[in-house]
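Next comes query.cif, with mmCIF, C-alpha atoms and all ligand atoms.
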```
data_my_file
loop_
_atom_site.label_atom_id
_atom_site.label_comp_id
_atom_site.auth_asym_id
_atom_site.auth_seq_id
_atom_site.Cartn_x
_atom_site.Cartn_y
_atom_site.Cartn_z
CA MET J 1 8.22 5.38 -63.12
CA ASN J 2 6.57 8.74 -63.72
CA GLU J 3 6.24 10.91 -60.71
CA LEU J 4 2.65 11.92 -60.05
CA ILE J 5 2.63 15.37 -58.48
CA PRO J 6 1.13 15.38 -54.97
CA TYR J 7 -2.59 16.08 -54.76
CA ASN J 8 -3.41 19.74 -54.17
CA ALA J 9 -6.94 20.23 -52.86
CA ASN J 10 -6.88 23.93 -53.77
CA VAL J 11 -6.44 23.51 -57.51
CA ASP J 12 -9.11 22.15 -59.85
CA LEU J 13 -8.27 18.65 -61.09
CA ASP J 14 -8.47 19.56 -64.74
CA VAL J 15 -5.81 22.21 -64.19
CA GLN J 16 -3.32 20.39 -61.98
CA VAL J 17 -3.53 16.99 -63.61
CA LYS J 18 -3.83 18.03 -67.24
CA ARG J 19 -0.76 20.28 -66.98
CA ASN J 20 1.32 17.38 -65.71
CA VAL J 21 0.08 14.79 -68.12
CA MET J 22 0.91 17.17 -70.98
CA LYS J 23 4.53 17.17 -69.85
CA VAL J 24 4.80 13.41 -70.28
CA LYS J 25 6.09 12.65 -73.76
CA GLY J 26 5.78 9.41 -75.68
CA ILE J 27 3.27 6.63 -75.69
CA ASP J 28 5.29 4.27 -73.48
CA LYS J 29 5.66 6.84 -70.71
CA LEU J 30 1.97 7.71 -70.91
CA LEU J 31 1.03 4.05 -70.68
CA GLU J 32 3.20 3.74 -67.63
CA LEU J 33 1.49 6.76 -66.14
CA ASP J 34 -1.94 5.28 -66.83
CA LYS J 35 -0.93 2.01 -65.19
CA GLN J 36 0.49 3.79 -62.17
CA ALA J 37 -2.62 5.97 -61.80
CA VAL J 38 -4.95 2.97 -62.02
CA THR J 39 -2.93 1.09 -59.38
CA LEU J 40 -2.86 4.08 -57.03
CA HIS J 41 -6.59 4.57 -57.53
CA LYS J 42 -7.23 0.95 -56.56
CA LEU J 43 -5.10 1.33 -53.43
CA ALA J 44 -6.78 4.62 -52.49
CA LYS J 45 -10.18 3.00 -52.91
CA LYS J 46 -9.21 0.02 -50.79
CA ALA J 47 -7.81 2.32 -48.10
CA ARG J 48 -11.08 4.33 -48.26
CA GLU J 49 -9.21 7.52 -48.93
CA PRO J 50 -11.41 10.56 -49.66
CA LYS J 51 -13.22 10.58 -53.01
CA SER J 52 -11.23 13.67 -54.01
CA VAL J 53 -8.00 11.68 -53.79
CA GLN J 54 -9.45 8.72 -55.68
CA ASN J 55 -10.66 11.16 -58.32
CA PHE J 56 -7.20 12.65 -58.57
CA TYR J 57 -5.77 9.32 -59.75
CA MET J 58 -8.69 8.72 -62.07
CA ALA J 59 -8.11 12.16 -63.58
CA TYR J 60 -4.53 11.11 -64.35
CA ALA J 61 -5.69 7.95 -66.07
CA SER J 62 -8.36 9.89 -67.99
CA TYR J 63 -5.96 12.47 -69.38
CA ALA J 64 -3.29 9.84 -70.05
CA ARG J 65 -5.76 7.77 -72.09
CA ARG J 66 -6.89 10.83 -74.01
CA GLU J 67 -3.27 11.73 -74.79
CA ILE J 68 -2.46 8.19 -75.91
CA GLY J 69 -5.55 8.29 -78.12
CA GLN J 70 -4.29 11.50 -79.72
CA ILE J 71 -0.88 9.96 -80.40
CA LEU J 72 -2.54 6.93 -81.97
CA ILE J 73 -4.48 9.26 -84.25
CA ASP J 74 -1.49 11.46 -85.14
CA ASP J 75 1.39 9.05 -85.30
CA LEU J 76 2.05 7.92 -88.84
CA ASP J 77 3.55 4.70 -87.51
CA PHE J 78 0.03 3.82 -86.49
CA GLY J 79 -1.26 4.27 -90.01
CA ARG J 80 -1.03 1.15 -92.14
CA GLY J 81 0.65 -0.97 -89.51
CA LYS J 82 -1.79 0.19 -86.88
CA VAL J 83 -3.02 -3.19 -85.70
CA ASP J 84 0.49 -4.70 -85.43
CA LYS J 85 1.91 -1.72 -83.64
CA VAL J 86 -1.01 -1.47 -81.26
CA SER J 87 -0.64 -5.13 -80.36
CA THR J 88 2.91 -4.40 -79.13
CA LEU J 89 1.49 -1.87 -76.70
CA LYS J 90 -0.25 -4.58 -74.69
CA ILE J 91 -3.55 -2.72 -74.70
CA GLU J 92 -6.72 -4.34 -75.97
CA TYR J 93 -7.36 -3.18 -79.53
CA HIS J 94 -10.90 -2.06 -78.71
CA GLU J 95 -9.49 0.02 -75.82
CA THR J 96 -7.15 1.85 -78.20
CA LYS J 97 -10.17 2.59 -80.37
CA ARG J 98 -11.99 4.04 -77.38
CA TRP J 99 -8.98 6.13 -76.39
CA GLN J 100 -8.87 7.59 -79.89
CA LYS J 101 -12.51 8.53 -79.48
CA LEU J 102 -11.69 10.16 -76.14
CA ALA J 103 -9.14 12.31 -77.97
CA LYS J 104 -11.87 13.56 -80.28
CA ILE J 105 -14.04 14.90 -77.46
CA GLU J 106 -13.95 18.67 -77.30
CA GLY J 107 -11.28 19.87 -74.83
CA LYS J 108 -13.57 22.07 -72.79
CA VAL J 109 -16.12 19.28 -72.43
CA PHE J 110 -13.46 16.82 -71.31
CA ASP J 111 -12.04 19.32 -68.79
CA LYS J 112 -15.49 20.08 -67.42
CA PHE J 113 -16.11 16.36 -66.94
CA VAL J 114 -12.89 15.94 -64.95
CA LYS J 115 -13.43 19.14 -62.97
CA ASP J 116 -17.07 18.59 -62.01
CA SER J 117 -17.17 14.83 -61.50
CA LYS J 118 -17.37 13.80 -57.89
CA ASN J 119 -16.72 10.19 -58.77
CA ILE J 120 -14.82 9.66 -62.03
CA SER J 121 -15.10 6.14 -63.42
CA PHE J 122 -14.09 4.68 -66.76
CA ASN J 123 -17.76 3.94 -67.45
CA LYS J 124 -18.62 7.60 -67.10
CA LEU J 125 -15.54 8.61 -69.06
CA TYR J 126 -16.52 6.36 -71.96
CA GLY J 127 -20.11 7.62 -71.61
CA LEU J 128 -18.74 10.94 -72.82
CA ILE J 129 -18.02 9.29 -76.16
CA THR J 130 -21.71 8.45 -76.62
CA ILE J 131 -22.63 12.02 -75.82
CA GLN J 132 -20.03 13.39 -78.23
CA GLU J 133 -21.23 11.09 -81.01
CA ARG J 134 -24.79 12.21 -80.35
CA TYR J 135 -23.70 15.84 -80.27
CA ASP J 136 -21.95 15.54 -83.65
CA ILE J 137 -25.21 14.38 -85.23
CA ILE J 138 -27.58 16.66 -83.35
CA ALA J 139 -25.72 19.96 -83.04
CA PRO J 140 -26.07 21.11 -86.67
CA LYS J 141 -29.82 20.49 -86.62
CA ILE J 142 -30.95 21.95 -83.32
CA TYR J 143 -32.38 25.40 -82.72
CA TYR J 144 -32.11 26.70 -79.19
CA GLY J 145 -35.08 28.67 -77.89
CA ARG J 146 -38.81 28.33 -77.36
CA PHE J 147 -40.48 26.59 -80.30
CA GLN J 148 -43.28 29.19 -80.23
CA ASN J 149 -40.69 31.84 -81.25
CA ILE J 150 -38.49 29.75 -83.49
CA CYS J 151 -41.33 28.43 -85.64
CA LYS J 152 -42.76 31.92 -86.21
CA GLY J 153 -40.73 32.46 -89.37
CA TRP J 154 -41.34 28.99 -90.78
CA GLU J 155 -43.51 28.55 -93.83
CA ASP J 156 -46.97 27.03 -93.49
CA GLY J 157 -46.98 23.31 -94.35
CA SER J 158 -43.18 22.96 -94.27
CA ILE J 159 -42.96 19.95 -91.90
CA ASP J 160 -44.17 16.41 -92.68
CA HIS J 161 -44.66 15.22 -89.09
CA ILE J 162 -43.99 16.11 -85.47
CA VAL J 163 -42.81 13.43 -83.06
CA THR J 164 -42.17 14.82 -79.62
CA ASP J 165 -42.14 14.53 -75.86
CA PRO J 166 -43.49 17.69 -74.21
CA PRO J 167 -43.16 18.27 -70.47
CA TYR J 168 -46.01 16.60 -68.52
CA PRO J 169 -46.50 18.66 -65.30
CA GLU J 170 -49.54 20.89 -64.92
CA GLU J 171 -47.57 24.11 -65.19
CA PHE J 172 -46.61 23.12 -68.76
CA LEU J 173 -50.15 22.57 -70.03
CA GLN J 174 -50.01 25.78 -72.06
CA GLU J 175 -47.15 24.23 -74.06
CA TRP J 176 -49.61 21.57 -75.28
CA SER J 177 -52.04 24.26 -76.46
CA ASP J 178 -49.25 26.13 -78.24
CA LEU J 179 -48.07 22.91 -79.82
CA SER J 180 -51.53 22.26 -81.22
CA GLU J 181 -51.70 25.75 -82.74
CA VAL J 182 -48.18 25.79 -84.17
CA ALA J 183 -48.50 22.23 -85.51
CA SER J 184 -51.75 23.02 -87.30
CA ARG J 185 -49.92 25.74 -89.21
CA ILE J 186 -46.50 24.28 -90.00
CA LEU J 187 -47.56 20.67 -90.68
CA LYS J 188 -48.39 19.55 -94.19
CA PRO J 189 -52.02 18.48 -94.65
CA SER J 190 -52.63 15.14 -92.84
CA GLY J 191 -49.24 15.38 -91.09
CA TYR J 192 -49.10 13.52 -87.78
CA CYS J 193 -48.35 15.16 -84.44
CA ILE J 194 -47.31 12.34 -82.11
CA CYS J 195 -46.63 13.01 -78.43
CA TYR J 196 -45.35 10.93 -75.56
CA ALA J 197 -47.61 11.76 -72.62
CA GLY J 198 -48.14 11.15 -68.94
CA GLN J 199 -51.39 9.83 -67.41
CA THR J 200 -52.15 12.38 -64.70
CA HIS J 201 -53.21 15.17 -67.06
CA LEU J 202 -54.11 13.02 -70.04
CA PRO J 203 -57.59 14.58 -70.60
CA ASP J 204 -55.97 18.03 -70.61
CA TYR J 205 -53.42 17.05 -73.26
CA ILE J 206 -56.17 15.55 -75.40
CA ASN J 207 -58.42 18.62 -75.05
CA ARG J 208 -55.63 21.01 -75.83
CA LEU J 209 -54.24 19.08 -78.80
CA SER J 210 -57.80 18.65 -80.12
CA LYS J 211 -58.24 22.41 -80.39
CA HIS J 212 -56.41 22.61 -83.75
CA LEU J 213 -55.68 18.96 -84.60
CA ASN J 214 -57.67 15.74 -84.92
CA TYR J 215 -57.43 12.82 -82.51
CA TYR J 216 -56.19 9.78 -84.43
CA TRP J 217 -55.18 7.07 -81.92
CA GLN J 218 -53.54 6.28 -78.62
CA MET J 219 -50.49 4.04 -78.64
CA VAL J 220 -49.18 2.33 -75.51
CA PHE J 221 -45.51 2.34 -74.71
CA MET J 222 -44.84 -0.57 -72.33
CA GLN J 223 -42.04 0.05 -69.86
CA THR J 224 -39.49 -2.31 -68.31
CA PHE J 225 -39.91 -0.44 -65.02
CA HIS J 226 -42.77 1.22 -63.19
CA THR J 227 -43.20 4.80 -62.04
CA GLN J 228 -44.89 5.11 -58.67
CA ILE J 229 -47.73 7.65 -58.87
CA PHE J 230 -48.35 8.47 -55.20
CA PRO J 231 -51.52 10.63 -55.51
CA ARG J 232 -53.28 7.69 -57.24
CA LYS J 233 -51.44 4.79 -55.60
CA ILE J 234 -50.61 3.39 -59.00
CA PHE J 235 -47.50 1.72 -60.32
CA ALA J 236 -47.58 2.99 -63.90
CA ARG J 237 -46.14 0.42 -66.27
CA TYR J 238 -47.01 2.13 -69.54
CA LYS J 239 -46.86 5.53 -71.13
CA PRO J 240 -49.57 6.79 -73.47
CA ILE J 241 -48.50 8.05 -76.85
CA LEU J 242 -51.05 10.38 -78.41
CA VAL J 243 -51.34 10.41 -82.16
CA PHE J 244 -53.01 13.50 -83.61
CA GLN J 245 -53.30 14.54 -87.22
CA LYS J 246 -53.71 17.78 -89.09
CA SER J 247 -56.82 17.91 -91.28
CA PRO J 248 -57.90 16.22 -93.41
CA VAL J 249 -57.77 12.99 -91.44
CA GLU J 250 -56.33 10.40 -93.75
CA VAL J 251 -54.95 6.92 -93.05
CA LYS J 252 -51.38 7.15 -94.26
CA ASN J 253 -49.90 4.28 -92.27
CA ASP J 254 -49.89 0.61 -93.23
CA TRP J 255 -51.36 -1.97 -90.83
CA ILE J 256 -49.55 -1.44 -87.54
CA THR J 257 -49.90 -2.47 -83.89
CA ASP J 258 -50.50 0.11 -81.20
CA VAL J 259 -48.04 -1.22 -78.63
CA ILE J 260 -44.52 0.13 -78.48
CA LYS J 261 -42.23 -2.51 -77.07
CA PRO J 262 -40.09 -1.64 -74.06
CA THR J 263 -36.43 -0.72 -74.22
CA VAL J 264 -34.39 1.31 -71.77
CA GLN J 265 -31.79 3.97 -72.30
CA LYS J 266 -31.30 6.77 -69.83
CA ASP J 267 -27.74 7.76 -70.36
CA ILE J 268 -27.85 11.52 -70.69
CA MET J 269 -30.82 12.96 -68.90
CA ASP J 270 -33.34 11.60 -66.40
CA TRP J 271 -36.36 12.29 -68.57
CA GLN J 272 -34.72 11.12 -71.77
CA GLN J 273 -36.69 8.66 -73.94
CA ASP J 274 -34.89 5.85 -75.67
CA VAL J 275 -33.95 5.83 -79.34
CA GLU J 276 -35.59 2.44 -79.93
CA SER J 277 -39.08 3.58 -78.88
CA TYR J 278 -38.81 6.64 -81.14
CA LYS J 279 -37.72 4.35 -83.95
CA GLN J 280 -40.78 2.16 -83.49
CA ILE J 281 -43.08 5.20 -83.66
CA ILE J 282 -41.30 6.90 -86.53
CA SER J 283 -41.09 3.78 -88.67
CA ARG J 284 -44.82 3.08 -88.22
CA PHE J 285 -46.09 6.56 -89.10
CA THR J 286 -43.54 8.18 -91.41
CA LYS J 287 -41.63 7.47 -94.60
CA GLN J 288 -37.96 7.73 -95.57
CA GLY J 289 -36.96 11.25 -96.60
CA GLU J 290 -39.84 12.96 -94.78
CA VAL J 291 -39.04 15.91 -92.50
CA ILE J 292 -39.74 15.34 -88.81
CA LEU J 293 -39.71 18.05 -86.18
CA ASP J 294 -39.21 17.54 -82.44
CA PRO J 295 -39.93 20.90 -80.79
CA PHE J 296 -39.14 19.55 -77.28
CA ALA J 297 -35.94 17.81 -78.29
CA GLY J 298 -34.04 17.55 -74.98
CA SER J 299 -31.01 15.39 -75.68
CA GLY J 300 -32.05 14.89 -79.31
CA THR J 301 -33.26 11.30 -79.09
CA ALA J 302 -35.76 11.83 -81.91
CA GLY J 303 -32.91 13.07 -84.11
CA MET J 304 -30.86 9.94 -83.45
CA ALA J 305 -33.84 7.76 -84.39
CA CYS J 306 -34.48 9.80 -87.56
CA LYS J 307 -30.85 9.55 -88.58
CA GLU J 308 -30.94 5.76 -88.24
CA LEU J 309 -34.20 5.56 -90.20
CA GLN J 310 -33.13 7.99 -92.92
CA ARG J 311 -35.66 10.66 -92.09
CA GLU J 312 -34.76 14.34 -92.26
CA PHE J 313 -35.07 16.06 -88.90
CA THR J 314 -35.16 19.44 -87.22
CA LEU J 315 -34.96 19.87 -83.46
CA ILE J 316 -35.80 22.67 -81.05
CA ASP J 317 -35.14 22.91 -77.35
CA ASP J 318 -35.21 25.79 -74.90
CA GLY J 319 -32.22 24.55 -72.88
CA LYS J 320 -28.67 24.21 -74.16
CA ILE J 321 -28.15 20.71 -72.94
CA PHE J 322 -25.12 20.10 -75.10
CA GLU J 323 -23.33 23.23 -73.93
CA GLY J 324 -20.64 21.62 -71.81
CA TYR J 325 -22.92 18.58 -71.81
CA LYS J 326 -24.65 17.24 -68.80
CA ASN J 327 -23.02 17.27 -65.41
CA GLU J 328 -22.24 13.55 -65.19
CA GLU J 329 -23.30 13.40 -61.52
CA ASP J 330 -26.87 13.63 -62.79
CA GLN J 331 -26.50 10.46 -64.82
C1 LIG Z 401 -39.45 15.75 -71.68
S1 LIG Z 401 -38.10 16.63 -72.26
C2 LIG Z 401 -37.75 15.87 -73.82
C3 LIG Z 401 -36.78 14.73 -73.69
C4 LIG Z 401 -36.40 14.12 -75.01
N1 LIG Z 401 -37.47 13.31 -75.53
C5 LIG Z 401 -35.15 13.24 -74.87
O1 LIG Z 401 -35.22 12.04 -75.13
O2 LIG Z 401 -34.10 13.75 -74.48
C6 LIG Z 401 -38.82 18.16 -72.72
C7 LIG Z 401 -37.84 19.18 -73.24
O3 LIG Z 401 -38.58 20.30 -73.75
C8 LIG Z 401 -37.91 21.50 -73.40
N2 LIG Z 401 -38.93 22.57 -73.49
C9 LIG Z 401 -39.90 22.89 -72.61
N3 LIG Z 401 -40.66 23.89 -73.09
C10 LIG Z 401 -40.15 24.23 -74.33
C11 LIG Z 401 -40.51 25.18 -75.34
N4 LIG Z 401 -41.53 26.01 -75.19
N5 LIG Z 401 -39.75 25.22 -76.47
C12 LIG Z 401 -38.70 24.39 -76.63
N6 LIG Z 401 -38.33 23.47 -75.71
C13 LIG Z 401 -39.04 23.38 -74.58
C14 LIG Z 401 -37.35 21.21 -72.02
O4 LIG Z 401 -36.26 22.06 -71.71
C15 LIG Z 401 -36.89 19.77 -72.18
O5 LIG Z 401 -35.58 19.72 -72.69
#
```

Would you write out, as structure tokens, the structure that this file holds?
Amino acid sequence: MNELIPYNANVDLDVQVKRNVMKVKGIDKLLELDKQAVTLHKLAKKAREPKSVQNFYMAYASYARREIGQILIDDLDFGRGKVDKVSTLKIEYHETKRWQKLAKIEGKVFDKFVKDSKNISFNKLYGLITIQERYDIIAPKIYYGRFQNICKGWEDGSIDHIVTDPPYPEEFLQEWSDLSEVASRILKPSGYCICYAGQTHLPDYINRLSKHLNYYWQMVFMQTFHTQIFPRKIFARYKPILVFQKSPVEVKNDWITDVIKPTVQKDIMDWQQDVESYKQIISRFTKQGEVILDPFAGSGTAGMACKELQREFTLIDDGKIFEGYKNEEDQ
């Protein structure tokens, strides 16, 4: 049995646990460590020990799994005979795949996750993989800063379409005006500017977008849940999607419906849209190979949808959400 060092409340988990897991050599010993940590975590949970102690054991299991994943990647024995060898380890094959993915997560991101998490779970740990995969696709194509500044140097008519999700509260209304102005310059003629919107300030968004662009249509994005709008006593079950177009107005889409079917995915940020709804919009209004800009990119959902639909994409956001990723407690 590996000896787990005693929990020290004064040292960050990523420091005390990582250091000790690194000392354990060999896949068998690491597997033993993982098993031991999982058992001790279960016992601590049952005994209602403080979360910090439960987390301590989960941190052991997390680092052990990451280390095992690294060995699986590195070890030549796991090359051609990978499947056979893995089966002797008595771990599910798909688990070994996940552990290899854990090993590919940037060290500082992994450490931050362990250090900041108040309640480490395997679900959250494996959620990091999704974020890393998203990051790998998004990071090379995102500009950090305000779109008003970033787009200044861009050529007129250099973007085919904009598909975006600006902030809805009143204090952000100016962003909608700026979007209209910038879009009317950088979009190609008849390029669409499509925005997710809220209902409370809908007339304001429409007025502001109309200043430099043409109203084309309103789509309805049905939701699987409702948002309770207290000032109006309304359970909002849909989200408007405003479709504007740079002049000249021209029908470029085929016959389409104006309802976006509901899907849910809120795994990175609270206000994140889901990839599927973006895909429905993008596939209805744009063509393969066209360049799509999301100037309010957040977690880069539009980019993921574009990638899947073989559209080129450029993203802008004023917050560095992928720097150290999201604090998982917000998930
Ligand atoms: C509603 S969120 C977009 C969420 C995104 N659709 C997703 O799925 O993750 C709006 C984003 O716009 C960013 N933002 C606000 N004003 C901005 C500006 N002037 N330039 C660039 N980004 C801005 C916010 O920081 C936030 O990340």

Go through chain J residue by residue and, counting all atoms listed in the file, keep those with an atom at most 10 Å from ligand LIG 401 (chain Z); for each kept residue give the shortest atom pair and its distance in Å to one decimal, ordered by chain and increasing number, as CSV.
```
residue,atom,partner,partner_atom,distance
J:Tyr143,CA,Z:LIG401,C12,8.8
J:Tyr144,CA,Z:LIG401,C12,7.4
J:Gly145,CA,Z:LIG401,C12,5.7
J:Arg146,CA,Z:LIG401,N5,3.4
J:Phe147,CA,Z:LIG401,N5,4.1
J:Gln148,CA,Z:LIG401,N4,6.2
J:Asn149,CA,Z:LIG401,N5,8.2
J:Ile150,CA,Z:LIG401,N5,8.4
J:Cys151,CA,Z:LIG401,N5,9.8
J:Val163,CA,Z:LIG401,N1,9.2
J:Thr164,CA,Z:LIG401,N1,6.4
J:Asp165,CA,Z:LIG401,N1,4.8
J:Pro166,CA,Z:LIG401,C6,4.9
J:Pro167,CA,Z:LIG401,C1,4.6
J:Tyr168,CA,Z:LIG401,C1,7.3
J:Pro169,CA,Z:LIG401,C1,9.9
J:Phe172,CA,Z:LIG401,N3,7.4
J:Gln174,CA,Z:LIG401,N4,9.0
J:Glu175,CA,Z:LIG401,N4,6.0
J:Trp176,CA,Z:LIG401,N4,9.2
J:Asp178,CA,Z:LIG401,N4,8.3
J:Leu179,CA,Z:LIG401,N4,8.6
J:Cys195,CA,Z:LIG401,N1,9.6
J:Tyr196,CA,Z:LIG401,N1,8.2
J:Ala197,CA,Z:LIG401,C1,9.1
J:Gln265,CA,Z:LIG401,O1,9.2
J:Lys266,CA,Z:LIG401,O1,8.4
J:Asp267,CA,Z:LIG401,O2,9.7
J:Ile268,CA,Z:LIG401,O2,7.6
J:Met269,CA,Z:LIG401,O2,6.5
J:Asp270,CA,Z:LIG401,O2,8.4
J:Trp271,CA,Z:LIG401,C1,5.6
J:Gln272,CA,Z:LIG401,O1,3.5
J:Gln273,CA,Z:LIG401,O1,3.9
J:Asp274,CA,Z:LIG401,O1,6.2
J:Val275,CA,Z:LIG401,O1,7.6
J:Tyr278,CA,Z:LIG401,N1,8.8
J:Asp294,CA,Z:LIG401,N1,8.3
J:Pro295,CA,Z:LIG401,C12,5.6
J:Phe296,CA,Z:LIG401,O3,3.7
J:Ala297,CA,Z:LIG401,C4,5.0
J:Gly298,CA,Z:LIG401,O5,3.5
J:Ser299,CA,Z:LIG401,O2,3.7
J:Gly300,CA,Z:LIG401,O2,5.4
J:Thr301,CA,Z:LIG401,O1,4.5
J:Ala302,CA,Z:LIG401,N1,6.8
J:Gly303,CA,Z:LIG401,O1,9.3
J:Met304,CA,Z:LIG401,O1,9.6
J:Leu315,CA,Z:LIG401,C12,9.0
J:Ile316,CA,Z:LIG401,C12,5.6
J:Asp317,CA,Z:LIG401,N6,3.6
J:Asp318,CA,Z:LIG401,N6,4.0
J:Gly319,CA,Z:LIG401,O4,4.9
J:Lys320,CA,Z:LIG401,O4,8.3
J:Ile321,CA,Z:LIG401,O5,7.5
```

Selection export as a short mmCIF file (atom, residue, chain, number, x, y, z; two decimals), in the frame of the given file, atoms kept: C-alpha atoms:
```cif
data_model
loop_
_atom_site.label_atom_id
_atom_site.label_comp_id
_atom_site.auth_asym_id
_atom_site.auth_seq_id
_atom_site.Cartn_x
_atom_site.Cartn_y
_atom_site.Cartn_z
CA TYR J 143 -32.38 25.40 -82.72
CA TYR J 144 -32.11 26.70 -79.19
CA GLY J 145 -35.08 28.67 -77.89
CA ARG J 146 -38.81 28.33 -77.36
CA PHE J 147 -40.48 26.59 -80.30
CA GLN J 148 -43.28 29.19 -80.23
CA ASN J 149 -40.69 31.84 -81.25
CA ILE J 150 -38.49 29.75 -83.49
CA CYS J 151 -41.33 28.43 -85.64
CA VAL J 163 -42.81 13.43 -83.06
CA THR J 164 -42.17 14.82 -79.62
CA ASP J 165 -42.14 14.53 -75.86
CA PRO J 166 -43.49 17.69 -74.21
CA PRO J 167 -43.16 18.27 -70.47
CA TYR J 168 -46.01 16.60 -68.52
CA PRO J 169 -46.50 18.66 -65.30
CA PHE J 172 -46.61 23.12 -68.76
CA GLN J 174 -50.01 25.78 -72.06
CA GLU J 175 -47.15 24.23 -74.06
CA TRP J 176 -49.61 21.57 -75.28
CA ASP J 178 -49.25 26.13 -78.24
CA LEU J 179 -48.07 22.91 -79.82
CA CYS J 195 -46.63 13.01 -78.43
CA TYR J 196 -45.35 10.93 -75.56
CA ALA J 197 -47.61 11.76 -72.62
CA GLN J 265 -31.79 3.97 -72.30
CA LYS J 266 -31.30 6.77 -69.83
CA ASP J 267 -27.74 7.76 -70.36
CA ILE J 268 -27.85 11.52 -70.69
CA MET J 269 -30.82 12.96 -68.90
CA ASP J 270 -33.34 11.60 -66.40
CA TRP J 271 -36.36 12.29 -68.57
CA GLN J 272 -34.72 11.12 -71.77
CA GLN J 273 -36.69 8.66 -73.94
CA ASP J 274 -34.89 5.85 -75.67
CA VAL J 275 -33.95 5.83 -79.34
CA TYR J 278 -38.81 6.64 -81.14
CA ASP J 294 -39.21 17.54 -82.44
CA PRO J 295 -39.93 20.90 -80.79
CA PHE J 296 -39.14 19.55 -77.28
CA ALA J 297 -35.94 17.81 -78.29
CA GLY J 298 -34.04 17.55 -74.98
CA SER J 299 -31.01 15.39 -75.68
CA GLY J 300 -32.05 14.89 -79.31
CA THR J 301 -33.26 11.30 -79.09
CA ALA J 302 -35.76 11.83 -81.91
CA GLY J 303 -32.91 13.07 -84.11
CA MET J 304 -30.86 9.94 -83.45
CA LEU J 315 -34.96 19.87 -83.46
CA ILE J 316 -35.80 22.67 -81.05
CA ASP J 317 -35.14 22.91 -77.35
CA ASP J 318 -35.21 25.79 -74.90
CA GLY J 319 -32.22 24.55 -72.88
CA LYS J 320 -28.67 24.21 -74.16
CA ILE J 321 -28.15 20.71 -72.94
#
```

For atom CA of J:Thr200 and atom CA of J:Val259, the interatomic separation in Å (one decimal):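 So the two atoms, atom CA of J:Thr200 and atom CA of J:Val259, lie 19.9 Å apart.
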
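Near stretch 10-24 of chain J, within 8 Å and counting all atoms listed in the file, sit Leu4, Ile5, Lys29, Leu30, Phe56, Ala59, Tyr60, Tyr63, Ala64, Glu67, Asp111, Lys112, Val114 and Lys115 of chain J, not including residues fewer than 3 positions from it in the same chain.
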
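Using only C-alpha atoms, the shortest contact distance between J:Gln280 and any of J:Phe221, J:Phe244, J:Tyr238, J:Phe230 is found at J:Phe221.
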
What does the distance between atom CA of J:Asp160 and atom CA of J:Pro189 come to in Å, to one decimal place? 8.4 Å

Please report the interatomic distance between atom CA of J:Gln132 and atom CA of J:Ala103 in Å with one decimal.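 Straight-line distance from atom CA of J:Gln132 to atom CA of J:Ala103 works out to 10.9 Å.
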
Residue nearest J:Pro248 - candidates J:Phe235, J:Phe225, J:Tyr135, J:Tyr215, atoms counted: all atoms listed in the file: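 Closest candidate: J:Tyr215.
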
Extract, using all atoms listed in the file, all DNA, RNA and protein residues at most 8 Å from J:Val249, discarding same-chain residues fewer than 5 positions from it, and format them as a list in words. Ser190, Asn214 and Tyr216 of chain J
